[in-house]
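Novice: If you scroll down you'll find the structure; I have some questions about it.
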Amino acid sequence: MRQTALHGYDILGLRGMSKNNIDLILHTAAKMKALLQRGKKDMELLSGKSVAIVFYENSTRTRLSFELAAKYLGAHVVSMSEQGSSVAKGESLEDTLDTIAMMAADAIVIRHSHSGAPTVMASKIDVPIINAGDGMNEHPTQALLDMYTMLEYKGRLDGLKVAIIGDIYHSRVARSNIWGLTKMGAQVVVAGPPTLLPKDIEAMGAQVSSDVEYAIKGADVVMGLRMQRERQSAGLVPSLAEYTRYFGINAQRLAMAKGDAILMHPRPANIGVEISADIINGPQSVISRQVTNGVAVRMALLYLILGGGDDIEDID
């Protein structure tokens, strides 16, 4: 089995990932999803491998998605959260991960509130690190599953218009999607309150607008982002009601996109704030499919990093 360019590598973000590797991950995810649809959940592709999942932030979808992905591939899985661990006693992140690495873990999946934490750890520990979200920096696996979902429905990424609406400034999901989508040839337009738009977003390749209707008009994909209520208390928006009035995605605004546009959201969603109840489960919504695709994408990453080869077509 020939090793891929990702074998033994860290997955820290999409900013530094090549288009070829993104293509490889998406192609492998399609194969993994096909296997899942055939009911194959007891594969031995990673038999004998161990995956440690270390989350310093609460999560439901991302944690369970990684756990199921590893188990479906036949790997051993151990999970750790900050609560109930030695971190509560003052143990440093480096000490924690070093301990896990010395216990012969083959890969470590980490989620942390500090931007750059996975990158720092990857420079200190000789075990592949997968970033499951770090501060306001990146969330690469979420963006990969978003792109895979777009590819499923649209058949391409090149040339798509993707509108991302909401709190762009604090969103690691937005940043990873911008890095990834623009590399794949998509046009990304972001819209949100001026106080929630980072100054350097255009340098990343996205077009910026303070007019949500302009951003959505003619879009192939409309993606809402969670509007965190603490932004209002920090004075970044006058009120949630005003935010919804000017930037909430509703049926009227969604109708400005292309007729076959899809609606996405990384969840959890504040229904009635950034997205209205009548469209979140409507015919254009693929939000539930994003969750399903997250398992296939994370299976693909673990397979490629821990043992997969470029003979992926031979898997059955």
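By order in the structure tokens, chains are A, B, ...; within a chain, residues start at 1; ligands start at 1, following the order shown.
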Env of A:Gly282: 10 Å cut, atoms = only C-alpha atoms, seq-sep filter 5 positions within chain, self excluded. Answer as a PyMOL selection string.
Specialist: chain A and resi 251+263+277+287
Novice: As a count of residues only, please: all residues of stretch 183-271 of chain A that backbone DSSP puts in alpha helix (DSSP H).
Specialist: 22
Novice: As a ChimeraX atom specification, please: the residues near stretch 180-188 of chain A (cut-off 8 Å, only C-alpha atoms, same-chain neighbours under 2 positions excluded).
Specialist: /A:14-15,18-19,22,143-144,147,157-164,176-178,190,205-207
Novice: Can you spit out the residues from that selection as a PDB file, in the first residue's frame, using C-alpha atoms?
Specialist:
ATOM      1  CA  LEU A  14      -7.020  24.606   5.698  1.00  0.00           C
ATOM      2  CA  ARG A  15      -4.940  27.731   5.307  1.00  0.00           C
ATOM      3  CA  SER A  18      -3.008  22.126  -0.665  1.00  0.00           C
ATOM      4  CA  LYS A  19      -5.865  21.818  -3.136  1.00  0.00           C
ATOM      5  CA  ILE A  22      -8.378  18.721  -0.005  1.00  0.00           C
ATOM      6  CA  ALA A 143     -15.128  23.169   6.709  1.00  0.00           C
ATOM      7  CA  LEU A 144     -14.194  19.900   5.008  1.00  0.00           C
ATOM      8  CA  MET A 147     -17.350  21.394   1.312  1.00  0.00           C
ATOM      9  CA  LEU A 157     -16.937  23.615  -5.821  1.00  0.00           C
ATOM     10  CA  ASP A 158     -15.246  25.586  -8.567  1.00  0.00           C
ATOM     11  CA  GLY A 159     -17.404  28.553  -9.560  1.00  0.00           C
ATOM     12  CA  LEU A 160     -19.954  28.255  -6.758  1.00  0.00           C
ATOM     13  CA  LYS A 161     -21.097  31.406  -4.994  1.00  0.00           C
ATOM     14  CA  VAL A 162     -21.169  30.768  -1.250  1.00  0.00           C
ATOM     15  CA  ALA A 163     -22.704  33.368   1.065  1.00  0.00           C
ATOM     16  CA  ILE A 164     -21.644  33.140   4.721  1.00  0.00           C
ATOM     17  CA  SER A 176     -11.654  27.552   7.504  1.00  0.00           C
ATOM     18  CA  ASN A 177     -14.420  27.655   4.908  1.00  0.00           C
ATOM     19  CA  ILE A 178     -12.969  30.778   3.320  1.00  0.00           C
ATOM     20  CA  VAL A 190     -19.513  37.253   3.745  1.00  0.00           C
ATOM     21  CA  GLY A 205     -10.005  36.024  -0.548  1.00  0.00           C
ATOM     22  CA  ALA A 206     -13.578  36.712   0.544  1.00  0.00           C
ATOM     23  CA  GLN A 207     -15.759  39.552  -0.658  1.00  0.00           C
TER      24      GLN A 207
END
Novice: Could you pull the residues within 8 Å of stretch 45-59 of chain A, counting only C-alpha atoms, minus those fewer than 5 positions along the same chain, as an MDAnalysis selection string?
Specialist: chainID A and resid 66:67 70 73:82 100 104:113 303 306:308
Novice: Could you check which of A:Arg298, A:Lys217, A:Arg245, A:Arg61 is closest to A:Gly259, using only C-alpha atoms?
Specialist: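 Smallest distance to A:Gly259 is found for A:Lys217.
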Novice: So that I can see what lies close to A:Glu274, please list as a PyMOL selection string the residues with an atom at most 10 Å from it, counting only C-alpha atoms and leaving out residues fewer than 3 positions away in the same chain.
Specialist: chain A and resi 165-167+224-228+240-241+243-250+265+269-271+277
Novice: For N, CA, C and O atoms, I'd like the residues from the last selection saved as an mmCIF file, in the first residue's frame.
Specialist:
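Writing done, so here's part_17.cif:
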data_model
loop_
_atom_site.group_PDB
_atom_site.id
_atom_site.type_symbol
_atom_site.label_atom_id
_atom_site.label_comp_id
_atom_site.auth_asym_id
_atom_site.auth_seq_id
_atom_site.Cartn_x
_atom_site.Cartn_y
_atom_site.Cartn_z
ATOM 1 N N ILE A 165 -23.138 34.151 6.344
ATOM 2 C CA ILE A 165 -23.811 35.262 7.001
ATOM 3 C C ILE A 165 -23.710 35.146 8.510
ATOM 4 O O ILE A 165 -23.975 34.086 9.084
ATOM 5 N N GLY A 166 -23.317 36.251 9.174
ATOM 6 C CA GLY A 166 -23.359 36.263 10.627
ATOM 7 C C GLY A 166 -22.111 36.819 11.274
ATOM 8 O O GLY A 166 -21.486 37.743 10.754
ATOM 9 N N ASP A 167 -21.756 36.230 12.405
ATOM 10 C CA ASP A 167 -20.605 36.674 13.187
ATOM 11 C C ASP A 167 -19.336 36.083 12.578
ATOM 12 O O ASP A 167 -18.841 35.046 13.004
ATOM 13 N N GLY A 224 -25.530 30.083 7.367
ATOM 14 C CA GLY A 224 -25.685 30.924 8.543
ATOM 15 C C GLY A 224 -24.709 30.506 9.627
ATOM 16 O O GLY A 224 -24.297 29.347 9.693
ATOM 17 N N LEU A 225 -24.327 31.441 10.472
ATOM 18 C CA LEU A 225 -23.432 31.168 11.595
ATOM 19 C C LEU A 225 -24.150 31.494 12.896
ATOM 20 O O LEU A 225 -24.993 32.394 12.950
ATOM 21 N N ARG A 226 -23.777 30.785 13.937
ATOM 22 C CA ARG A 226 -24.404 31.013 15.239
ATOM 23 C C ARG A 226 -24.081 32.408 15.750
ATOM 24 O O ARG A 226 -22.933 32.825 15.788
ATOM 25 N N MET A 227 -25.136 33.116 16.141
ATOM 26 C CA MET A 227 -24.982 34.431 16.752
ATOM 27 C C MET A 227 -24.960 34.242 18.260
ATOM 28 O O MET A 227 -25.981 33.960 18.881
ATOM 29 N N GLN A 228 -23.792 34.340 18.853
ATOM 30 C CA GLN A 228 -23.665 34.091 20.279
ATOM 31 C C GLN A 228 -24.230 35.268 21.073
ATOM 32 O O GLN A 228 -23.916 36.428 20.801
ATOM 33 N N LEU A 240 -30.492 41.477 19.832
ATOM 34 C CA LEU A 240 -30.685 40.316 18.972
ATOM 35 C C LEU A 240 -31.828 40.540 18.006
ATOM 36 O O LEU A 240 -31.802 40.054 16.863
ATOM 37 N N ALA A 241 -32.838 41.290 18.449
ATOM 38 C CA ALA A 241 -33.969 41.577 17.563
ATOM 39 C C ALA A 241 -33.512 42.399 16.361
ATOM 40 O O ALA A 241 -33.935 42.152 15.220
ATOM 41 N N TYR A 243 -30.442 42.496 15.188
ATOM 42 C CA TYR A 243 -29.595 41.624 14.374
ATOM 43 C C TYR A 243 -30.465 40.783 13.438
ATOM 44 O O TYR A 243 -30.189 40.660 12.241
ATOM 45 N N THR A 244 -31.519 40.178 13.991
ATOM 46 C CA THR A 244 -32.411 39.345 13.185
ATOM 47 C C THR A 244 -33.065 40.149 12.067
ATOM 48 O O THR A 244 -33.186 39.670 10.934
ATOM 49 N N ARG A 245 -33.429 41.366 12.377
ATOM 50 C CA ARG A 245 -34.095 42.215 11.378
ATOM 51 C C ARG A 245 -33.183 42.486 10.189
ATOM 52 O O ARG A 245 -33.622 42.433 9.032
ATOM 53 N N TYR A 246 -31.926 42.748 10.436
ATOM 54 C CA TYR A 246 -31.024 43.154 9.358
ATOM 55 C C TYR A 246 -30.181 42.004 8.790
ATOM 56 O O TYR A 246 -29.757 42.084 7.628
ATOM 57 N N PHE A 247 -29.946 40.958 9.582
ATOM 58 C CA PHE A 247 -29.027 39.911 9.124
ATOM 59 C C PHE A 247 -29.563 38.489 9.262
ATOM 60 O O PHE A 247 -28.887 37.549 8.840
ATOM 61 N N GLY A 248 -30.745 38.334 9.820
ATOM 62 C CA GLY A 248 -31.304 36.990 9.943
ATOM 63 C C GLY A 248 -31.654 36.404 8.587
ATOM 64 O O GLY A 248 -32.115 37.102 7.686
ATOM 65 N N ILE A 249 -31.429 35.115 8.419
ATOM 66 C CA ILE A 249 -31.780 34.433 7.175
ATOM 67 C C ILE A 249 -33.209 33.902 7.319
ATOM 68 O O ILE A 249 -33.499 33.104 8.208
ATOM 69 N N ASN A 250 -34.082 34.372 6.454
ATOM 70 C CA ASN A 250 -35.473 33.931 6.463
ATOM 71 C C ASN A 250 -35.877 33.524 5.045
ATOM 72 O O ASN A 250 -35.066 33.586 4.107
ATOM 73 N N HIS A 265 -25.738 25.334 8.028
ATOM 74 C CA HIS A 265 -25.452 25.933 9.337
ATOM 75 C C HIS A 265 -24.627 24.916 10.124
ATOM 76 O O HIS A 265 -24.969 23.727 10.137
ATOM 77 N N ALA A 269 -27.845 26.103 16.314
ATOM 78 C CA ALA A 269 -28.457 27.310 15.748
ATOM 79 C C ALA A 269 -29.387 27.965 16.758
ATOM 80 O O ALA A 269 -30.068 27.283 17.529
ATOM 81 N N ASN A 270 -29.398 29.279 16.746
ATOM 82 C CA ASN A 270 -30.387 30.041 17.503
ATOM 83 C C ASN A 270 -31.564 30.283 16.568
ATOM 84 O O ASN A 270 -31.572 31.236 15.779
ATOM 85 N N ILE A 271 -32.537 29.401 16.625
ATOM 86 C CA ILE A 271 -33.681 29.511 15.717
ATOM 87 C C ILE A 271 -34.477 30.761 16.058
ATOM 88 O O ILE A 271 -34.806 31.011 17.221
ATOM 89 N N ALA A 277 -37.378 29.640 11.767
ATOM 90 C CA ALA A 277 -37.835 28.265 11.982
ATOM 91 C C ALA A 277 -38.415 27.647 10.723
ATOM 92 O O ALA A 277 -38.339 26.429 10.534
#
Novice: Using only C-alpha atoms, find the one residue out of A:Lys33, A:Pro198, A:Val295, A:Leu26 that sits nearest to A:Gly155.
Specialist: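 Of the candidates, the smallest distance to A:Gly155 is held by A:Leu26.
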Novice: Enumerate the residues of stretch 33-240 of chain A with a DSSP assignment of strand (DSSP E or B), computed from the backbone, and present them as a PyMOL selection string.
Specialist: chain A and resi 50-55+76-81+107-112+129-134+138+161-165+187-191+207-209+221-224
Novice: Rounded to one decimal in Å, what is the spacing between atom CA of A:Asn137 and atom CA of A:Trp179?
Specialist: 11.3 Å
Novice: Neighbours of A:Ala300 within 8 Å (only C-alpha atoms; same-chain residues fewer than 2 positions away dropped), as a list in words?
Specialist: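 Contacts, in chain order: Ile25, Leu26, Thr28, Ala29, Met32, Ala296, Val297, Arg298, Leu302, Tyr303 and Leu304 of chain A.
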Novice: For the residues in that selection, give me all heavy atoms as a short mmCIF file (atom, residue, chain, number, x, y, z; two decimals), in the first residue's frame.
Specialist:
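Result written to out16.cif:
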data_model
loop_
_atom_site.label_atom_id
_atom_site.label_comp_id
_atom_site.auth_asym_id
_atom_site.auth_seq_id
_atom_site.Cartn_x
_atom_site.Cartn_y
_atom_site.Cartn_z
N ILE A 25 -8.99 14.23 0.43
CA ILE A 25 -9.86 14.02 1.59
C ILE A 25 -11.31 13.89 1.16
O ILE A 25 -12.04 12.99 1.60
CB ILE A 25 -9.69 15.17 2.61
CG1 ILE A 25 -8.28 15.14 3.21
CG2 ILE A 25 -10.73 15.06 3.72
CD1 ILE A 25 -7.91 16.41 3.95
N LEU A 26 -11.77 14.77 0.28
CA LEU A 26 -13.16 14.74 -0.17
C LEU A 26 -13.46 13.47 -0.95
O LEU A 26 -14.54 12.87 -0.80
CB LEU A 26 -13.47 15.98 -1.00
CG LEU A 26 -13.32 17.34 -0.28
CD1 LEU A 26 -13.66 18.48 -1.23
CD2 LEU A 26 -14.17 17.41 0.98
N THR A 28 -11.90 10.59 -0.59
CA THR A 28 -11.89 9.48 0.37
C THR A 28 -13.15 9.49 1.21
O THR A 28 -13.70 8.43 1.55
CB THR A 28 -10.64 9.58 1.26
OG1 THR A 28 -9.47 9.69 0.44
CG2 THR A 28 -10.51 8.33 2.14
N ALA A 29 -13.65 10.67 1.54
CA ALA A 29 -14.90 10.78 2.31
C ALA A 29 -16.06 10.17 1.54
O ALA A 29 -16.94 9.52 2.14
CB ALA A 29 -15.18 12.24 2.65
N MET A 32 -15.84 6.52 2.01
CA MET A 32 -16.25 6.14 3.36
C MET A 32 -17.76 6.21 3.52
O MET A 32 -18.38 5.34 4.15
CB MET A 32 -15.56 7.05 4.38
CG MET A 32 -14.06 6.86 4.47
SD MET A 32 -13.63 5.18 4.99
CE MET A 32 -11.84 5.24 4.87
N ALA A 296 -18.25 10.69 7.85
CA ALA A 296 -17.51 10.20 6.69
C ALA A 296 -16.21 10.98 6.47
O ALA A 296 -15.16 10.40 6.16
CB ALA A 296 -18.39 10.29 5.44
N VAL A 297 -16.27 12.29 6.64
CA VAL A 297 -15.08 13.12 6.45
C VAL A 297 -14.03 12.80 7.51
O VAL A 297 -12.83 12.69 7.20
CB VAL A 297 -15.45 14.62 6.48
CG1 VAL A 297 -14.21 15.49 6.62
CG2 VAL A 297 -16.21 14.99 5.21
N ARG A 298 -14.45 12.63 8.74
CA ARG A 298 -13.47 12.34 9.80
C ARG A 298 -12.94 10.91 9.69
O ARG A 298 -11.79 10.66 10.04
CB ARG A 298 -14.11 12.64 11.15
CG ARG A 298 -14.21 14.15 11.36
CD ARG A 298 -15.25 14.63 12.33
NE ARG A 298 -15.23 16.09 12.38
CZ ARG A 298 -16.31 16.85 12.56
NH1 ARG A 298 -17.51 16.28 12.70
NH2 ARG A 298 -16.21 18.16 12.58
N LEU A 302 -8.84 10.18 9.39
CA LEU A 302 -8.16 9.21 10.23
C LEU A 302 -7.53 8.11 9.38
O LEU A 302 -6.41 7.67 9.63
CB LEU A 302 -9.14 8.62 11.25
CG LEU A 302 -9.61 9.58 12.35
CD1 LEU A 302 -10.75 8.97 13.14
CD2 LEU A 302 -8.46 9.96 13.28
N TYR A 303 -8.25 7.66 8.37
CA TYR A 303 -7.73 6.62 7.49
C TYR A 303 -6.48 7.10 6.76
O TYR A 303 -5.46 6.39 6.71
CB TYR A 303 -8.81 6.23 6.48
CG TYR A 303 -8.33 5.32 5.38
CD1 TYR A 303 -8.13 3.97 5.61
CD2 TYR A 303 -8.07 5.82 4.11
CE1 TYR A 303 -7.68 3.12 4.60
CE2 TYR A 303 -7.62 4.98 3.09
CZ TYR A 303 -7.43 3.64 3.35
OH TYR A 303 -6.98 2.82 2.35
N LEU A 304 -6.52 8.29 6.21
CA LEU A 304 -5.39 8.80 5.44
C LEU A 304 -4.18 9.09 6.32
O LEU A 304 -3.04 8.90 5.91
CB LEU A 304 -5.81 10.06 4.68
CG LEU A 304 -6.82 9.84 3.56
CD1 LEU A 304 -7.38 11.19 3.09
CD2 LEU A 304 -6.19 9.09 2.39
#
Novice: Would you pick out the contacts of A:Tyr169 at 8 Å or less, using only C-alpha atoms, so that residues sharing its chain but fewer than 4 positions from it are not included, and give the list as a PyMOL selection string?
Specialist: chain A and resi 136+196-198
Novice: I need the chosen residues saved as a PDB file, in the first residue's frame, with C-alpha atoms.
Specialist:
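And here is the file that came out, again-v6.pdb:
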ATOM      1  CA  MET A 136     -11.180  31.956  16.685  1.00  0.00           C
ATOM      2  CA  LEU A 196     -18.487  41.428  13.517  1.00  0.00           C
ATOM      3  CA  LEU A 197     -16.448  41.605  10.303  1.00  0.00           C
ATOM      4  CA  PRO A 198     -12.666  41.189  10.675  1.00  0.00           C
TER       5      PRO A 198
END
Novice: Atom CA of A:Gly218 to atom CA of A:Glu242: how many Å, to one decimal?
Specialist: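 Computing it gives 24.7 Å between the two atoms.
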Novice: Just give me the gap between atom CA of A:Arg253 and atom CA of A:Ile216 in Å, one decimal is fine.
Specialist: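 Spanning atom CA of A:Arg253 to atom CA of A:Ile216 is a straight-line distance of 7.2 Å.
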